[in-house]
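So this block is model_32.txt, compact mmCIF, C-alpha atoms:
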```
# COMPACT_ATOMS: atom_id res chain seq x y z
CA THR A 194 70.65 100.30 208.19
CA ASN A 195 73.03 97.44 208.75
CA ILE A 196 70.35 95.39 210.55
CA GLU A 197 67.97 95.73 207.61
CA MET A 198 70.69 94.72 205.17
CA HIS A 199 71.50 91.56 207.20
CA HIS A 200 67.80 90.75 207.44
CA LYS A 201 67.40 90.99 203.66
CA LYS A 202 70.46 88.74 203.04
CA LEU A 203 69.10 86.16 205.50
CA CYS A 204 65.72 86.10 203.76
CA ILE A 205 67.36 85.65 200.35
CA GLY A 206 69.51 82.75 201.67
CA GLN A 207 66.50 81.01 203.17
CA TYR A 208 64.62 81.37 199.89
CA ILE A 209 67.52 79.80 197.92
CA LEU A 210 67.82 76.91 200.42
CA ILE A 211 64.05 76.22 200.31
CA SER A 212 64.11 76.34 196.47
CA THR A 213 66.98 73.85 196.35
CA LYS A 214 65.19 71.41 198.67
CA VAL A 215 62.00 71.70 196.66
CA GLU A 216 63.89 70.98 193.41
CA ARG A 217 65.50 67.87 194.97
CA ARG A 218 62.20 66.56 196.26
CA THR A 219 60.58 67.29 192.88
CA MET A 220 63.39 65.35 191.12
CA LYS A 221 62.88 62.35 193.44
CA PHE A 222 59.15 62.43 192.87
CA HIS A 223 59.68 62.44 189.08
CA VAL A 224 62.06 59.48 189.30
CA ILE A 225 59.58 57.51 191.44
CA LEU A 226 56.78 58.38 189.03
CA LEU A 227 58.79 57.26 185.96
CA SER A 228 59.76 53.98 187.69
CA SER A 229 56.13 53.29 188.58
CA VAL A 230 54.96 53.95 185.02
CA SER A 231 57.71 51.63 183.66
CA VAL A 232 56.63 48.77 185.96
CA LEU A 233 52.97 49.26 185.00
CA LEU A 234 53.84 49.13 181.29
CA GLN A 235 55.87 45.92 181.75
CA GLU A 236 53.07 44.21 183.65
CA ALA A 237 50.50 45.31 181.08
CA SER A 238 52.66 43.96 178.25
CA ALA A 239 53.15 40.64 180.07
CA PHE A 240 49.40 40.36 180.69
CA GLN A 241 48.64 40.81 176.99
CA SER A 242 51.13 38.09 175.99
CA ASN A 243 50.27 35.56 178.72
CA PRO A 244 47.50 36.38 181.26
CA CYS A 245 47.97 33.08 183.11
CA ALA A 246 51.64 33.72 183.71
CA VAL A 247 50.85 37.20 185.08
CA ALA A 248 48.26 35.76 187.42
CA HIS A 249 50.83 33.32 188.76
CA PHE A 250 53.38 36.11 188.99
CA SER A 251 50.99 38.30 191.00
CA ARG A 252 50.50 35.51 193.54
CA THR A 253 54.21 34.94 194.07
CA GLN A 254 55.56 38.51 193.77
CA PRO A 255 54.87 41.62 195.95
CA SER A 256 52.18 43.94 194.61
CA PHE A 257 52.92 47.14 192.78
CA SER A 258 51.67 49.24 195.70
CA THR A 259 54.00 47.41 198.08
CA ARG A 260 56.98 48.03 195.80
CA HIS A 261 55.91 51.66 195.36
CA ASN A 262 55.83 52.13 199.14
CA GLN A 263 59.26 50.52 199.44
CA TRP A 264 60.67 52.93 196.86
CA SER A 265 58.98 55.88 198.57
CA LEU A 266 60.46 54.92 201.95
CA ALA A 267 63.88 54.55 200.36
CA ALA A 268 63.57 58.02 198.86
CA ALA A 269 62.38 59.52 202.16
CA ASN A 270 65.27 58.00 204.11
CA GLU A 271 67.83 59.27 201.64
CA ASN A 272 70.01 62.02 203.07
CA GLU A 273 69.08 65.43 201.71
CA GLU A 274 72.65 66.12 200.65
CA GLY A 275 73.30 62.59 199.28
CA ASN A 276 72.69 61.09 195.84
CA PRO A 277 68.97 61.51 194.94
CA PHE A 278 69.21 58.38 192.72
CA GLY A 279 70.72 56.16 195.42
CA PHE A 280 67.49 54.27 196.08
CA LEU A 281 67.56 52.95 192.50
CA GLN A 282 70.96 51.27 192.82
CA GLY A 283 69.55 48.07 194.30
CA LEU A 284 67.13 47.67 191.39
CA PHE A 285 69.87 47.29 188.80
CA GLN A 286 72.61 45.45 190.70
CA PRO A 287 73.27 41.99 189.22
CA SER A 288 72.49 38.99 191.38
CA ASN A 289 75.50 37.31 192.98
CA SER A 290 73.86 33.89 193.00
CA ALA A 291 75.58 31.56 190.50
CA VAL A 292 73.42 29.90 187.86
CA GLU A 293 73.92 26.16 188.03
CA GLU A 294 74.22 24.50 184.64
CA PRO A 295 72.28 21.27 184.29
CA ALA A 296 74.51 18.21 184.39
CA LYS A 297 75.02 16.56 181.02
CA PRO A 298 73.61 13.06 180.91
CA GLU A 299 76.27 10.37 180.81
CA ILE A 300 76.40 8.13 177.76
CA PRO A 301 75.83 4.54 178.89
CA ASP A 302 78.17 1.72 177.95
CA VAL A 303 77.10 -0.06 174.78
CA VAL A 304 77.78 -3.58 173.51
CA ILE A 305 77.26 -3.80 169.74
CA ASP A 306 75.04 -6.59 168.46
CA SER A 307 76.60 -9.43 166.51
CA ASP A 308 75.94 -9.67 162.77
CA TYR A 309 76.10 -12.98 160.87
CA LYS A 310 75.28 -11.64 157.41
CA LEU A 311 78.94 -11.61 156.34
CA ALA A 312 79.40 -15.23 157.43
CA ALA A 313 76.22 -16.28 155.63
CA ALA A 314 77.23 -14.48 152.43
CA PHE A 315 80.70 -16.09 152.38
CA GLY A 316 79.20 -19.49 153.12
CA ALA A 317 76.74 -19.22 150.25
CA LEU A 318 79.49 -18.00 147.92
CA GLY A 319 81.83 -20.87 148.86
CA ILE A 320 79.16 -23.52 148.28
CA ALA A 321 78.19 -21.96 144.96
CA ILE A 322 81.82 -22.01 143.76
CA ILE A 323 82.28 -25.66 144.71
CA PHE A 324 79.13 -26.89 142.99
CA SER A 325 79.46 -24.70 139.91
CA SER A 326 83.03 -25.77 139.02
CA HIS A 327 82.84 -29.12 137.26
CA ALA A 328 85.79 -31.36 136.71
CA SER A 329 87.16 -31.38 133.16
CA GLY A 330 86.01 -34.24 130.94
CA CYS A 331 82.85 -34.89 132.93
CA THR A 332 79.82 -35.47 130.67
CA SER A 333 77.29 -36.71 133.21
CA THR A 334 74.58 -34.61 134.81
CA ILE A 335 76.18 -34.68 138.23
CA CYS A 336 79.95 -34.00 138.12
CA PRO A 337 82.49 -33.69 140.92
CA PRO A 338 83.96 -30.22 141.43
CA SER A 339 87.22 -29.33 139.83
CA VAL A 340 90.34 -29.16 141.97
CA GLY A 341 90.58 -25.40 141.65
CA GLY A 342 86.91 -24.89 142.38
CA ALA A 343 87.02 -27.17 145.40
CA VAL A 344 90.10 -25.42 146.82
CA PHE A 345 88.85 -21.90 146.23
CA GLY A 346 85.31 -22.65 147.37
CA GLY A 347 86.67 -24.47 150.41
CA ILE A 348 88.74 -21.44 151.43
CA ILE A 349 85.71 -19.15 151.14
CA SER A 350 83.66 -21.60 153.20
CA LEU A 351 86.37 -21.73 155.87
CA LEU A 352 86.34 -17.93 156.06
CA ALA A 353 82.57 -18.06 156.51
CA SER A 354 83.02 -20.47 159.41
CA LEU A 355 85.69 -18.22 160.95
CA PHE A 356 83.44 -15.15 160.67
CA ALA A 357 80.58 -17.04 162.32
CA VAL A 358 82.78 -18.13 165.23
CA GLN A 359 84.20 -14.62 165.69
CA ALA A 360 80.73 -13.08 165.60
CA THR A 361 79.72 -15.49 168.35
CA ARG A 362 82.62 -14.97 170.75
CA ILE A 363 83.76 -11.34 170.11
CA ARG A 364 81.91 -8.17 171.11
CA PHE A 365 82.63 -4.54 170.18
CA VAL A 366 82.24 -2.49 173.38
CA PHE A 367 81.98 1.28 173.89
CA ASP A 368 82.48 2.49 177.46
CA LYS A 369 82.99 5.97 178.93
CA GLU A 370 86.61 6.26 177.80
CA ALA A 371 87.47 3.83 175.03
CA PHE A 372 86.46 1.43 172.26
CA GLU A 373 87.34 -2.18 173.06
CA LEU A 374 87.20 -5.69 171.64
CA ALA A 375 86.13 -8.13 174.35
CA ASN A 376 85.45 -11.84 174.47
CA ILE A 377 82.15 -13.19 175.71
CA ASP A 378 81.65 -16.29 177.81
CA VAL A 379 78.68 -17.86 176.02
CA SER A 380 78.57 -20.69 178.57
CA SER A 381 77.70 -18.32 181.44
CA PRO A 382 74.06 -17.33 181.95
CA GLU A 383 75.02 -13.63 182.18
CA ASN A 384 77.21 -13.75 179.03
CA LYS A 385 80.08 -12.15 180.92
CA LEU A 386 82.68 -10.15 178.99
CA TYR A 387 86.39 -10.53 179.63
CA ASP A 388 89.66 -9.16 178.22
CA SER A 389 90.51 -10.35 174.73
CA GLY A 390 94.28 -10.07 175.34
CA GLU A 391 96.83 -8.43 173.07
CA ASN A 392 96.31 -7.76 169.41
CA ILE A 393 97.99 -10.64 167.56
CA ILE A 394 98.89 -8.48 164.55
CA VAL A 395 100.14 -5.10 165.82
CA GLY A 396 100.47 -5.81 169.55
CA GLY A 397 99.06 -3.89 172.45
CA ALA A 398 95.69 -4.21 174.14
CA ASN A 399 92.53 -4.30 172.04
CA ARG A 400 91.36 -1.09 173.66
CA TRP A 401 91.72 2.39 172.15
CA MET A 402 90.87 5.77 173.66
CA TYR A 403 88.40 7.88 171.70
CA ASP A 404 90.71 10.88 171.49
CA SER A 405 93.37 8.73 169.76
CA PHE A 406 91.15 8.11 166.71
CA VAL A 407 92.28 9.72 163.47
CA ASN A 408 89.80 8.15 161.06
CA TRP A 409 87.25 5.36 160.71
CA ASP A 410 85.09 3.95 157.93
CA PHE A 411 83.38 0.88 156.46
CA TYR A 412 84.31 -0.88 153.22
CA PRO A 413 82.84 -0.96 150.69
CA SER A 414 80.03 0.93 152.52
CA VAL A 415 78.11 0.95 155.78
CA ASP A 416 75.09 -0.56 154.00
CA PHE A 417 77.10 -3.49 152.55
CA PRO A 418 80.08 -3.78 154.89
CA ILE A 419 82.86 -6.33 154.65
CA LEU A 420 85.59 -4.58 156.64
CA VAL A 421 85.57 -2.15 159.57
CA TYR A 422 88.50 0.26 159.38
CA PHE A 423 89.91 2.74 161.86
CA LYS A 424 93.21 4.48 162.48
CA GLU A 425 94.54 5.54 165.87
CA THR A 426 97.68 7.12 167.33
CA GLN A 427 97.74 5.19 170.62
CA THR A 428 99.53 2.05 169.42
CA GLN A 429 103.26 2.29 168.83
CA LYS A 430 104.34 1.32 165.33
CA PRO A 431 107.28 -1.05 164.65
CA ASP A 432 109.53 1.95 163.94
CA GLY A 433 108.82 3.35 167.41
CA SER A 434 106.63 6.22 166.22
CA TYR A 435 103.02 7.04 167.05
CA SER A 436 102.13 8.45 163.66
CA GLY A 437 99.03 6.28 163.34
CA GLN A 438 98.25 2.56 163.35
CA VAL A 439 95.67 1.14 160.94
CA HIS A 440 93.23 -1.62 161.97
CA PHE A 441 90.87 -3.76 159.89
CA PHE A 442 88.21 -6.09 161.27
CA PRO A 443 85.64 -8.21 159.45
CA ALA A 444 82.13 -6.76 159.72
CA ILE A 445 80.93 -9.29 162.28
CA ALA A 446 78.95 -6.66 164.25
CA ASN A 447 76.08 -4.31 163.43
CA CYS A 448 77.85 -1.58 161.45
CA LYS A 449 74.97 0.89 161.74
CA GLN A 450 75.34 0.72 165.52
CA LEU A 451 79.12 1.07 165.20
CA GLN A 452 78.70 4.18 163.06
CA GLU A 453 76.26 5.68 165.56
CA GLN A 454 78.63 5.10 168.49
CA PHE A 455 81.71 6.41 166.64
CA GLU A 456 79.84 9.64 165.97
CA LEU A 457 78.30 9.85 169.44
CA ARG A 458 81.66 9.37 171.21
CA GLY A 459 83.38 12.05 169.09
CA CYS A 460 85.82 9.77 167.25
CA ALA A 461 87.65 11.79 164.61
CA LYS A 462 86.87 11.06 160.97
CA VAL A 463 88.42 12.37 157.77
CA ALA A 464 85.77 13.93 155.57
CA LYS A 465 85.39 12.38 152.15
CA ASN A 466 85.61 14.57 149.08
```
What would the structure in this file look like if it were written as structure tokens?
Amino acid sequence: TNIEMHHKKLCIGQYILISTKVERRTMKFHVILLSSVSVLLQEASAFQSNPCAVAHFSRTQPSFSTRHNQWSLAAANENEEGNPFGFLQGLFQPSNSAVEEPAKPEIPDVVIDSDYKLAAAFGALGIAIIFSSHASGCTSTICPPSVGGAVFGGIISLLASLFAVQATRIRFVFDKEAFELANIDVSSPENKLYDSGENIIVGGANRWMYDSFVNWDFYPSVDFPILVYFKETQTQKPDGSYSGQVHFFPAIANCKQLQEQFELRGCAKVAKN
């Protein structure tokens, strides 16, 4: 009869609905089970590599059973007709908290030590030239120096004196922005530094920004230096261009320290072949 037919259709519909709900609950149970096994494997691997770290982790993190109950509650509260994997979304969402990068330590200002080796070498050379050049026609044991020897040796000795004075009153300074030549007040207890004025050869202040450097070097070498050389594009040349101004200074400062600071401050240098 029609009533029996309707009763059979109703029974079949209820059976399909119950089967669908059972399949969904079975799928959720499998997902929870797989997640639990994955967490157990991770903790076991971490314990094998570093037991102490795992012990600390267990004191500061919620237990596995607590997390399992949280996942189970999330699955139970999920709407039957919603996404069965919705409770896993929070596990894989990236954190919105920004990772703060540690601040880079600032490079302190540096005043290069004076070096008197160049002055001493020129002084010794000048004296040796004077006393080794004998006047012509002298036959005695002690002879006066020749005119040429006295003049040439005297010039070398004067240069030695100049280098010694410059090494005493001039300092090479590296600050946060630029390389500078400054004068020092040796009469003050604090040895205060003050502006050295304009460059008497090319003009402009004796202060050059690090990013204006094109090249720098020591001649003949950093181990036996006589001249400190660098080239920069900050100073205007006589023709009005900024193609690069060359500077030479006598090596009256510690050149190993100069080399270290040039490299540390990122001053450009042309590689040698």
At most 9 Å is the cut-off: for each residue in segment 421-454 of chain A with any atom that close to an atom of segment 342-357 of chain A, write down the nearest atom pair and the distance in Å rounded to one decimal, counting all atoms listed in the file, chain first then increasing number, as JSON lines.
```
{"residue": "A:Pro443", "atom": "CA", "partner": "A:Phe356", "partner_atom": "CA", "distance": 7.4}
{"residue": "A:Ala444", "atom": "CA", "partner": "A:Phe356", "partner_atom": "CA", "distance": 8.5}
{"residue": "A:Ile445", "atom": "CA", "partner": "A:Phe356", "partner_atom": "CA", "distance": 6.6}
```
inquiry  = What does the structure give for the distance between atom CA of Trp401 of chain A and atom CA of Leu457 of chain A, in Å to one decimal?
reply    =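 Separation between atom CA of Trp401 of chain A and atom CA of Leu457 of chain A: 15.6 Å.
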task = Just give me the gap between atom CA of Val421 of chain A and atom CA of Gly390 of chain A in Å, one decimal is fine.
result =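 According to the coordinates, atom CA of Val421 of chain A and atom CA of Gly390 of chain A are separated by 19.7 Å.
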ask   = Just how far from atom CA of Val303 of chain A is atom CA of Phe441 of chain A, in Å to one decimal?
value = 20.6 Å
inquiry  = Taking 2 positions as the minimum chain separation for residues in the same chain, which residues sit within 10 Å of segment 424-430 of chain A when counting all atoms listed in the file? Answer as a ChimeraX atom specification.
reply    = /A:395-410,422,432-441,460-462
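Residue nearest Ala375 of chain A within the list A:Ile335, A:Ile394, A:Tyr309, A:Val304: A:Val304 [criterion: smallest interatomic distance, only C-alpha atoms].
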Residue list as a PyMOL selection string for point (86.1, -28.3, 140.1), cut-off 8 Å, all atoms listed in the file = chain A and resi 323-329+337-343
If you keep C-alpha atoms, can you produce a file of those selected residues as an mmCIF file, in the coordinates of the input?
```
data_model
loop_
_atom_site.group_PDB
_atom_site.id
_atom_site.type_symbol
_atom_site.label_atom_id
_atom_site.label_comp_id
_atom_site.auth_asym_id
_atom_site.auth_seq_id
_atom_site.Cartn_x
_atom_site.Cartn_y
_atom_site.Cartn_z
ATOM 1 C CA ILE A 323 82.280 -25.660 144.710
ATOM 2 C CA PHE A 324 79.130 -26.890 142.990
ATOM 3 C CA SER A 325 79.460 -24.700 139.910
ATOM 4 C CA SER A 326 83.030 -25.770 139.020
ATOM 5 C CA HIS A 327 82.840 -29.120 137.260
ATOM 6 C CA ALA A 328 85.790 -31.360 136.710
ATOM 7 C CA SER A 329 87.160 -31.380 133.160
ATOM 8 C CA PRO A 337 82.490 -33.690 140.920
ATOM 9 C CA PRO A 338 83.960 -30.220 141.430
ATOM 10 C CA SER A 339 87.220 -29.330 139.830
ATOM 11 C CA VAL A 340 90.340 -29.160 141.970
ATOM 12 C CA GLY A 341 90.580 -25.400 141.650
ATOM 13 C CA GLY A 342 86.910 -24.890 142.380
ATOM 14 C CA ALA A 343 87.020 -27.170 145.400
#
```
